[in-house]
Each structure stands twice: as structure tokens, then as C-alpha cells.
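Enquirer: File follows, structure34.cif with mmCIF, C-alpha atoms:
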```cif
data_final
loop_
_atom_site.label_atom_id
_atom_site.label_comp_id
_atom_site.auth_asym_id
_atom_site.auth_seq_id
_atom_site.Cartn_x
_atom_site.Cartn_y
_atom_site.Cartn_z
CA MET A 1 105.77 111.52 69.43
CA PHE A 2 107.62 109.88 72.30
CA LYS A 3 111.00 110.33 70.68
CA GLN A 4 110.13 114.03 70.89
CA THR A 5 109.70 114.10 74.69
CA GLU A 6 112.83 111.98 75.34
CA GLY A 7 115.14 114.93 74.85
CA LEU A 8 112.98 117.56 76.58
CA PRO A 9 114.03 119.03 79.94
CA MET A 10 111.88 118.77 83.05
CA GLY A 11 108.89 121.12 82.81
CA ALA A 12 108.71 121.11 79.00
CA SER A 13 105.50 119.81 77.44
CA VAL A 14 103.71 118.80 74.25
CA ALA A 15 99.98 118.91 73.43
CA TRP A 16 98.09 115.98 74.98
CA ALA A 17 95.71 115.81 71.99
CA ASP A 18 98.67 115.05 69.70
CA VAL A 19 99.98 112.39 72.09
CA LEU A 20 96.56 110.76 72.44
CA ALA A 21 96.24 110.54 68.66
CA SER A 22 99.55 108.69 68.44
CA LEU A 23 99.40 106.31 71.42
CA PRO A 24 100.60 102.81 70.49
CA PHE A 25 97.55 100.78 71.57
CA ASN A 26 98.16 97.05 71.05
CA CYS A 27 96.36 94.91 68.47
CA ASP A 28 93.33 94.72 70.81
CA GLY A 29 93.27 98.52 71.15
CA LEU A 30 94.57 98.38 74.73
CA LEU A 31 97.42 99.63 76.90
CA PRO A 32 98.41 98.12 80.26
CA ALA A 33 97.70 100.45 83.20
CA ILE A 34 99.42 100.04 86.57
CA ALA A 35 97.51 101.43 89.56
CA GLN A 36 99.67 102.66 92.44
CA GLN A 37 98.43 104.17 95.70
CA HIS A 38 99.69 107.74 95.38
CA ASP A 39 100.92 108.28 98.94
CA THR A 40 102.20 104.89 100.08
CA GLY A 41 103.63 103.75 96.73
CA GLU A 42 101.92 100.36 96.99
CA VAL A 43 101.30 98.79 93.59
CA LEU A 44 97.65 97.75 93.71
CA MET A 45 96.88 96.06 90.38
CA LEU A 46 97.42 96.00 86.65
CA ALA A 47 94.48 96.33 84.26
CA TRP A 48 93.93 97.52 80.69
CA MET A 49 92.58 100.69 79.09
CA ASN A 50 91.31 101.42 75.62
CA ARG A 51 91.08 104.97 74.32
CA ASP A 52 87.55 105.47 75.69
CA ALA A 53 88.56 104.26 79.17
CA LEU A 54 91.58 106.57 79.18
CA GLU A 55 89.55 109.59 78.08
CA GLU A 56 86.76 108.89 80.57
CA THR A 57 89.28 108.51 83.40
CA LEU A 58 90.92 111.84 82.61
CA HIS A 59 87.54 113.54 82.21
CA THR A 60 85.85 112.24 85.37
CA GLY A 61 88.87 111.68 87.65
CA ARG A 62 87.46 108.25 88.52
CA VAL A 63 89.39 105.33 87.08
CA CYS A 64 87.73 103.36 84.28
CA TYR A 65 89.37 100.32 82.68
CA TRP A 66 88.46 98.01 79.82
CA SER A 67 87.43 94.60 81.12
CA ARG A 68 88.87 91.96 78.81
CA SER A 69 86.73 89.24 80.39
CA ARG A 70 83.46 91.20 80.19
CA ASN A 71 84.44 93.01 76.97
CA ARG A 72 83.13 96.36 78.17
CA LEU A 73 84.15 99.48 80.08
CA TRP A 74 84.74 98.71 83.74
CA ARG A 75 84.31 101.63 86.11
CA LYS A 76 86.45 100.38 88.98
CA GLY A 77 84.24 99.97 92.03
CA GLU A 78 80.94 99.91 90.10
CA SER A 79 80.07 96.58 91.73
CA SER A 80 82.18 96.66 94.89
CA GLY A 81 82.05 100.36 95.80
CA GLN A 82 85.86 100.30 96.09
CA VAL A 83 86.58 103.12 93.65
CA GLN A 84 89.88 104.55 92.48
CA LEU A 85 90.20 108.33 92.25
CA LEU A 86 92.87 109.52 89.86
CA VAL A 87 95.64 111.66 91.34
CA GLU A 88 98.04 111.65 88.37
CA LEU A 89 98.37 109.81 85.08
CA LEU A 90 101.83 109.07 83.69
CA LEU A 91 103.06 107.50 80.47
CA ASP A 92 106.33 105.67 80.02
CA CYS A 93 109.13 106.53 77.60
CA ASP A 94 107.59 104.82 74.60
CA GLY A 95 103.99 105.54 75.55
CA ASP A 96 102.88 101.92 75.69
CA THR A 97 102.27 101.69 79.45
CA LEU A 98 100.23 103.90 81.78
CA LEU A 99 100.93 104.48 85.46
CA LEU A 100 97.93 105.70 87.43
CA LYS A 101 98.62 107.28 90.79
CA VAL A 102 95.33 106.79 92.57
CA ASN A 103 93.55 107.07 95.86
CA GLN A 104 92.03 103.61 96.37
CA THR A 105 89.04 103.16 98.66
CA GLY A 106 89.47 99.93 100.61
CA PRO A 107 90.68 96.83 98.79
CA ALA A 108 91.72 96.98 95.12
CA CYS A 109 91.54 93.19 94.74
CA HIS A 110 88.41 91.13 94.14
CA THR A 111 89.62 88.80 96.93
CA GLY A 112 89.16 91.64 99.43
CA ARG A 113 92.90 92.24 99.78
CA ARG A 114 94.32 95.73 99.52
CA SER A 115 96.60 94.79 96.57
CA CYS A 116 96.28 92.08 93.93
CA PHE A 117 99.98 91.27 94.46
CA TYR A 118 99.69 89.01 97.50
CA ASN A 119 101.50 85.92 96.16
CA ALA A 120 105.29 85.93 96.74
CA VAL A 121 107.79 83.40 95.39
CA ARG A 122 109.81 82.26 98.40
CA GLY A 123 112.18 79.39 97.85
CA GLU A 124 110.26 76.49 96.35
CA HIS A 125 106.88 77.91 97.32
CA LEU A 126 104.39 80.59 96.40
CA THR A 127 103.35 82.13 99.71
CA VAL A 128 100.33 84.29 100.49
CA ILE A 129 101.61 87.49 102.16
CA SER A 130 98.42 89.36 103.02
CA ASP A 131 94.93 88.72 104.32
CA PRO A 132 91.68 90.25 103.02
CA LEU A 133 90.58 93.55 104.54
CA ILE A 134 86.98 92.62 103.76
CA ASP A 135 85.28 89.28 103.12
CA PRO A 136 84.77 89.16 99.33
CA ALA A 137 81.17 88.08 99.93
CA GLN A 138 80.60 91.45 101.62
CA LEU A 139 82.57 93.27 98.94
CA TYR A 140 80.01 92.40 96.30
CA ALA A 141 76.95 92.84 98.46
CA ASN A 142 77.40 96.56 99.12
CA PRO A 143 74.84 99.31 98.67
CA VAL A 144 76.24 100.62 95.37
CA THR A 145 74.56 97.98 93.24
CA GLY A 146 73.95 95.04 95.56
CA THR A 147 75.13 92.65 92.88
CA ALA A 148 78.21 90.59 92.18
CA PRO A 149 80.38 91.69 89.22
CA MET B 150 95.90 77.23 90.61
CA PHE B 151 95.23 80.86 91.50
CA LYS B 152 91.70 80.19 92.65
CA GLN B 153 93.42 77.90 95.17
CA THR B 154 95.53 80.68 96.76
CA GLU B 155 92.66 83.20 96.88
CA GLY B 156 91.18 81.62 99.98
CA LEU B 157 94.45 80.86 101.78
CA PRO B 158 95.44 82.80 104.90
CA MET B 159 98.65 84.81 105.13
CA GLY B 160 101.66 82.52 105.43
CA ALA B 161 100.07 79.56 103.63
CA SER B 162 101.78 78.37 100.46
CA VAL B 163 101.61 76.10 97.42
CA ALA B 164 104.44 74.51 95.43
CA TRP B 165 106.07 76.99 93.03
CA ALA B 166 106.69 74.23 90.46
CA ASP B 167 102.93 73.64 90.20
CA VAL B 168 102.26 77.38 89.84
CA LEU B 169 104.96 77.78 87.19
CA ALA B 170 103.45 74.94 85.17
CA SER B 171 100.06 76.69 85.17
CA LEU B 172 100.99 80.35 84.61
CA PRO B 173 98.69 82.02 82.05
CA PHE B 174 101.31 83.32 79.59
CA ASN B 175 99.67 85.28 76.77
CA CYS B 176 99.51 84.16 73.14
CA ASP B 177 103.11 85.33 72.68
CA GLY B 178 104.23 83.31 75.70
CA LEU B 179 104.72 86.45 77.81
CA LEU B 180 103.59 88.05 81.07
CA PRO B 181 103.91 91.76 81.88
CA ALA B 182 106.41 92.46 84.66
CA ILE B 183 106.38 95.70 86.67
CA ALA B 184 109.72 96.70 88.19
CA GLN B 185 109.49 98.69 91.44
CA GLN B 186 112.41 99.99 93.50
CA HIS B 187 112.05 97.90 96.67
CA ASP B 188 112.76 100.59 99.27
CA THR B 189 111.37 103.82 97.77
CA GLY B 190 108.33 102.27 96.04
CA GLU B 191 109.08 104.08 92.78
CA VAL B 192 107.68 102.27 89.74
CA LEU B 193 110.62 102.10 87.34
CA MET B 194 109.34 100.37 84.19
CA LEU B 195 107.16 97.67 82.70
CA ALA B 196 108.67 94.96 80.53
CA TRP B 197 107.80 91.38 79.57
CA MET B 198 108.98 87.93 80.65
CA ASN B 199 108.66 84.53 79.06
CA ARG B 200 109.13 81.37 81.10
CA ASP B 201 112.89 81.25 80.47
CA ALA B 202 113.31 84.89 81.58
CA LEU B 203 111.30 84.24 84.73
CA GLU B 204 113.24 81.11 85.62
CA GLU B 205 116.61 82.76 84.93
CA THR B 206 115.66 85.77 87.08
CA LEU B 207 114.70 83.56 90.02
CA HIS B 208 117.81 81.41 89.58
CA THR B 209 120.38 84.20 89.25
CA GLY B 210 118.73 87.02 91.23
CA ARG B 211 119.49 89.39 88.36
CA VAL B 212 116.47 90.51 86.35
CA CYS B 213 116.15 89.13 82.82
CA TYR B 214 113.28 90.12 80.51
CA TRP B 215 112.19 89.07 77.04
CA SER B 216 112.86 91.86 74.55
CA ARG B 217 109.94 92.04 72.13
CA SER B 218 111.86 94.35 69.77
CA ARG B 219 115.02 92.22 69.69
CA ASN B 220 113.15 88.92 70.08
CA ARG B 221 115.61 87.51 72.59
CA LEU B 222 116.36 87.36 76.32
CA TRP B 223 117.36 90.76 77.65
CA ARG B 224 119.51 90.74 80.76
CA LYS B 225 118.68 94.19 82.08
CA GLY B 226 121.87 96.24 82.12
CA GLU B 227 123.78 94.01 79.70
CA SER B 228 124.46 97.04 77.47
CA SER B 229 124.14 99.91 79.95
CA GLY B 230 125.56 98.37 83.13
CA GLN B 231 122.40 99.55 84.93
CA VAL B 232 121.35 96.18 86.35
CA GLN B 233 118.33 95.22 88.43
CA LEU B 234 118.88 92.86 91.35
CA LEU B 235 115.78 90.97 92.43
CA VAL B 236 114.61 91.50 96.00
CA GLU B 237 111.19 89.82 95.75
CA LEU B 238 108.95 88.47 93.00
CA LEU B 239 105.18 88.68 93.38
CA LEU B 240 102.26 87.44 91.29
CA ASP B 241 98.83 88.98 91.16
CA CYS B 242 95.54 87.29 92.01
CA ASP B 243 95.08 85.64 88.63
CA GLY B 244 98.78 85.07 87.97
CA ASP B 245 98.91 87.06 84.75
CA THR B 246 101.09 89.94 86.00
CA LEU B 247 104.43 89.91 87.82
CA LEU B 248 105.65 92.55 90.27
CA LEU B 249 109.41 92.61 90.72
CA LYS B 250 110.75 94.42 93.74
CA VAL B 251 114.26 95.27 92.68
CA ASN B 252 117.35 97.19 93.55
CA GLN B 253 118.06 99.27 90.45
CA THR B 254 121.56 100.57 89.77
CA GLY B 255 121.30 104.12 88.37
CA PRO B 256 118.67 104.85 85.74
CA ALA B 257 116.15 102.21 84.67
CA CYS B 258 115.22 104.14 81.51
CA HIS B 259 117.12 104.15 78.23
CA THR B 260 116.81 107.97 78.27
CA GLY B 261 119.02 108.08 81.37
CA ARG B 262 116.12 108.88 83.68
CA ARG B 263 115.63 106.94 86.90
CA SER B 264 112.12 105.80 85.89
CA CYS B 265 110.52 105.32 82.47
CA PHE B 266 107.41 107.10 83.78
CA TYR B 267 108.51 110.70 83.30
CA ASN B 268 105.58 111.95 81.15
CA ALA B 269 102.61 113.32 83.16
CA VAL B 270 99.25 114.36 81.76
CA ARG B 271 98.62 117.85 83.17
CA GLY B 272 95.64 119.72 81.79
CA GLU B 273 95.91 119.82 78.02
CA HIS B 274 99.60 118.91 78.00
CA LEU B 275 101.95 116.01 78.50
CA THR B 276 104.72 117.38 80.68
CA VAL B 277 108.18 115.95 81.33
CA ILE B 278 108.62 115.64 85.10
CA SER B 279 112.20 114.41 85.47
CA ASP B 280 115.62 114.95 83.96
CA PRO B 281 118.17 112.26 83.08
CA LEU B 282 120.61 111.20 85.79
CA ILE B 283 123.09 110.28 83.07
CA ASP B 284 123.46 111.38 79.45
CA PRO B 285 122.14 108.44 77.40
CA ALA B 286 125.23 108.68 75.17
CA GLN B 287 127.32 107.82 78.25
CA LEU B 288 124.84 105.15 79.34
CA TYR B 289 125.60 103.04 76.29
CA ALA B 290 129.33 103.72 76.16
CA ASN B 291 130.12 102.04 79.48
CA PRO B 292 132.77 99.42 80.16
CA VAL B 293 130.33 96.48 80.29
CA THR B 294 130.15 96.02 76.54
CA GLY B 295 131.09 99.37 75.05
CA THR B 296 128.27 99.09 72.54
CA ALA B 297 124.82 100.56 72.07
CA PRO B 298 121.87 98.16 72.58
#
```
Could you write out this structure as C-alpha cells?
Expert:
Amino acid sequence: MFKQTEGLPMGASVAWADVLASLPFNCDGLLPAIAQQHDTGEVLMLAWMNRDALEETLHTGRVCYWSRSRNRLWRKGESSGQVQLLVELLLDCDGDTLLLKVNQTGPACHTGRRSCFYNAVRGEHLTVISDPLIDPAQLYANPVTGTAP
Amino acid sequence: MFKQTEGLPMGASVAWADVLASLPFNCDGLLPAIAQQHDTGEVLMLAWMNRDALEETLHTGRVCYWSRSRNRLWRKGESSGQVQLLVELLLDCDGDTLLLKVNQTGPACHTGRRSCFYNAVRGEHLTVISDPLIDPAQLYANPVTGTAP
């Protein structure tokens, strides 16, 4: 399926239903999904989607992942209120990675930071390069559910 | 190790050697690595790194992945000449994903396109949203090795 789109010119398309039926989910039924803030380009996080999460995200426009630790669908922001609205969903050349252009409310990271990528290798050290926008204790005590994840 | 950096303020650091010794490589000994063009923010590709690839990349400043299809180190651009120079290497909050800010020469994608993410889900179709910068036949007939990958 992806060999087919490699040679197509910009603007050409194939049926999404056929692509979905042939996506190369890994042995756990998952694909990695990168979330990027659509207007600033900031890479916010990487999580995983199974077929149900992908279909729900496209259907509702609100990003839903598969939580490997909780072993269930994870509607981003269901505990914290910090939702991700889908702007565009892209697939890479061999269809085994998703790129979600999103509009992220507040912090994407459970630490309260905007992005999960706040640790930079600098010389012989790993250095923290951003501070939380919100105290994580507040993040999980919001009115959406009032509970921690 | 990553729980330790969660609560640190911006500018604080821990020893990289200790972090490296505790990185949560998956069962294949790999971590996913997102490559992003450092100045434009464009997400170029996702590939995988083992510990050797990560250490070589930090040591040389030229990005080296682990090729899962060829089962060996893959010095990006070794066949195509389209190298990635490392600008900054970041880790996410639980240390299981790498974000490489790079300076990419020419196309990152084996199809000759700048980014591997050129397939967009639009309505009931998957639509190609960019054209190759270079004919892939030329990409793998360059003076670096003169051979296809």
C-alpha cells in the first residue's frame, strides 16, 4: 500500500479504508504517534495508538492513544483536562509511524511542562531545559474528573 | 533516574553516564528517535537507536541509527549522502523516546522527499502532500558510495 503512494505526485490520493486495512501495526497492535503543536512546530510527546485509538481520533477530532501502562484507551486530557485537538494526521513513507498535528491545551506532559522533551544532553550532563507551566498536583485535581490518572 | 529529573528546576542537571546506564531500551534494545529539523521545526522521520548508535551519534555529531531491516548500525546518509548533523539531543520525561534536533542535508526520506511524513489523512482519502526534491534514482547513485542501500 505504501509502495503505491511513494511514486504519486502531490495531490494524488488513495482510499483511506484500504490504507487502514493494511497498516503495519507492531506485534502489540500499536503504532508510535508523535504529537506536534500545529502552529509552533514544538514536538510535545510520543505515545502509541492501536486501530481503535486511531479510528476514534479521526472520528472525534480529539486525540485518543492506547496506554501501554494502563492497557486501555487513553483519551488525552481525560484526567488532566489538557486535551489535544487534532488538526492533521500524517503517516510516514512506510506507514509505521503517525504524526499528529494538534492543538494542545496547556501542558502535554504529566510533569506540568508544555513538552515531554525537557531533558537535554549537554556535555557530560542531562540538563532540564524547561519549567512546569502548572504544578502537577493541580494538573490532576481539575474539574474534569477531580482524580489523578 | 527520570523520576529524579521531573522535580528539578530549569538549568539543573544529572550525570549523563548515570542516565545512559538506566535508559529503558525496549526488548530489542532500542529506543524510538524522532528527527526534527532544528530551525524550521519540521518533523523529518522516526527511526530507532540502540546504545551504540546513541553513543556514536553523541560522540561524532553525525546521526547514526540502528536499522531494523538490515540489522546493523545505519549512519544516516551513508548511501545517499543526505546526512543528519546533530544540533541537540533530548529525552522525554520517562526516557523512552529521543528527540534529535538536526541539520538535515537535502531529503530525509528514501523517496527523495524532505520529510517521510508526506501522507495526510483527508476525509476518506490518504493524500500525498509533497513532491520529491530529488529523484530517488539519483539519491542512491551519488558519489558517497555509488550503491543503493
Enquirer: I'd like to see the residues matched by the PyMOL selection byres ((chain A) within 7 of (chain B)) on this file, and ideally I'd get them as a ChimeraX atom specification.
Expert: /A:6,8-16,41-42,89-93,111,116-121,124-131
Enquirer: Between CA of Thr57 in chain A and CA of Arg70 in chain A, what distance in Å does the model show, to one decimal?
Expert: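 Computing the Euclidean distance for CA of Thr57 in chain A and CA of Arg70 in chain A yields 18.5 Å.
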Enquirer: Please provide as a list in words all residues within 8 Å of Arg217 in chain B, with the sequence filter that same-chain residues fewer than 3 positions apart are discarded (counting all atoms listed in the file).
Expert: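 Those residues are Trp197, Asn220 and Arg221 of chain B.
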Enquirer: When the PyMOL selection byres ((chain A and resi 102) around 9) is applied to the file above, which residues end up in the set, as a PDB file with C-alpha atoms, keeping the file's coordinate frame?
Expert:
```
ATOM      1  CA  ALA A  35      97.510 101.430  89.560  1.00  0.00           C
ATOM      2  CA  GLN A  36      99.670 102.660  92.440  1.00  0.00           C
ATOM      3  CA  GLN A  37      98.430 104.170  95.700  1.00  0.00           C
ATOM      4  CA  HIS A  38      99.690 107.740  95.380  1.00  0.00           C
ATOM      5  CA  ASP A  39     100.920 108.280  98.940  1.00  0.00           C
ATOM      6  CA  ARG A  62      87.460 108.250  88.520  1.00  0.00           C
ATOM      7  CA  VAL A  63      89.390 105.330  87.080  1.00  0.00           C
ATOM      8  CA  GLN A  84      89.880 104.550  92.480  1.00  0.00           C
ATOM      9  CA  LEU A  85      90.200 108.330  92.250  1.00  0.00           C
ATOM     10  CA  LEU A  86      92.870 109.520  89.860  1.00  0.00           C
ATOM     11  CA  VAL A  87      95.640 111.660  91.340  1.00  0.00           C
ATOM     12  CA  GLU A  88      98.040 111.650  88.370  1.00  0.00           C
ATOM     13  CA  LEU A  89      98.370 109.810  85.080  1.00  0.00           C
ATOM     14  CA  LEU A 100      97.930 105.700  87.430  1.00  0.00           C
ATOM     15  CA  LYS A 101      98.620 107.280  90.790  1.00  0.00           C
ATOM     16  CA  ASN A 103      93.550 107.070  95.860  1.00  0.00           C
ATOM     17  CA  GLN A 104      92.030 103.610  96.370  1.00  0.00           C
TER      18      GLN A 104
END
```
Enquirer: What is the CA of Thr254 in chain B-CA of Glu227 in chain B distance in Å, reported with one decimal?
Expert: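 Taking CA of Thr254 in chain B as the start and CA of Glu227 in chain B as the end point, the length is 12.2 Å.
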Enquirer: Rounded to one decimal place, report the CA of Trp66 in chain A-CA of Val83 in chain A distance in Å.
Expert: 14.9 Å
Enquirer: Quick one: what's the axis-aligned box for range 203-217 of chain B, all listed atoms, 6 Å on every side, centre and edges in Å to one decimal, as JSON?
Expert:
```
{"center_x": 115.2, "center_y": 86.6, "center_z": 81.7, "size_x": 22.4, "size_y": 22.9, "size_z": 31.1}
```
Enquirer: Got a sec to resolve the PyMOL selection byres ((chain B and resi 214) around 8) on this structure and send the residues as number ranges by chain?
Expert: B: 196-199, 202-203, 212-213, 215-216, 222-225
Enquirer: Residues around (91.0, 101.4, 71.9), cut-off 7 Å, counting all atoms listed in the file - what are they as a ChimeraX atom specification?
Expert: /A:25,29-30,50-52
Enquirer: Find the residue from B:Gln231, B:Leu172, B:Ala286, B:Glu204 that sits nearest to Arg263 in chain B; use all atoms listed in the file when measuring.
Expert: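 Checking each of B:Gln231, B:Leu172, B:Ala286, B:Glu204 against Arg263 in chain B, counting all atoms listed in the file, the winner is B:Gln231.
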Enquirer: Put range 122-133 of chain A into a file with N, CA and C atoms, as an mmCIF file, in the first residue's frame.
Expert:
```cif
data_model
loop_
_atom_site.group_PDB
_atom_site.id
_atom_site.type_symbol
_atom_site.label_atom_id
_atom_site.label_comp_id
_atom_site.auth_asym_id
_atom_site.auth_seq_id
_atom_site.Cartn_x
_atom_site.Cartn_y
_atom_site.Cartn_z
ATOM 1 N N ARG A 122 23.827 17.715 27.456
ATOM 2 C CA ARG A 122 24.773 18.827 27.265
ATOM 3 C C ARG A 122 26.088 18.465 27.924
ATOM 4 N N GLY A 123 27.071 18.165 27.086
ATOM 5 C CA GLY A 123 28.355 17.727 27.615
ATOM 6 C C GLY A 123 28.177 16.434 28.394
ATOM 7 N N GLU A 124 28.646 16.405 29.601
ATOM 8 C CA GLU A 124 28.583 15.181 30.406
ATOM 9 C C GLU A 124 27.343 15.136 31.286
ATOM 10 N N HIS A 125 26.382 16.016 31.008
ATOM 11 C CA HIS A 125 25.194 16.105 31.853
ATOM 12 C C HIS A 125 23.899 16.019 31.066
ATOM 13 N N LEU A 126 22.843 15.623 31.757
ATOM 14 C CA LEU A 126 21.487 15.745 31.244
ATOM 15 C C LEU A 126 20.867 16.913 32.000
ATOM 16 N N THR A 127 20.493 17.943 31.247
ATOM 17 C CA THR A 127 20.063 19.205 31.850
ATOM 18 C C THR A 127 18.584 19.460 31.584
ATOM 19 N N VAL A 128 17.877 19.870 32.617
ATOM 20 C CA VAL A 128 16.463 20.224 32.491
ATOM 21 C C VAL A 128 16.367 21.598 31.820
ATOM 22 N N ILE A 129 15.597 21.692 30.717
ATOM 23 C CA ILE A 129 15.575 22.942 29.943
ATOM 24 C C ILE A 129 14.228 23.668 29.988
ATOM 25 N N SER A 130 13.274 23.141 30.749
ATOM 26 C CA SER A 130 12.034 23.923 30.914
ATOM 27 C C SER A 130 11.410 23.653 32.274
ATOM 28 N N ASP A 131 10.633 24.622 32.717
ATOM 29 C CA ASP A 131 9.921 24.509 33.991
ATOM 30 C C ASP A 131 8.450 24.188 33.734
ATOM 31 N N PRO A 132 7.773 23.582 34.712
ATOM 32 C CA PRO A 132 6.329 23.340 34.555
ATOM 33 C C PRO A 132 5.549 24.636 34.363
ATOM 34 N N LEU A 133 4.502 24.555 33.533
ATOM 35 C CA LEU A 133 3.544 25.654 33.399
ATOM 36 C C LEU A 133 2.568 25.626 34.564
#
```
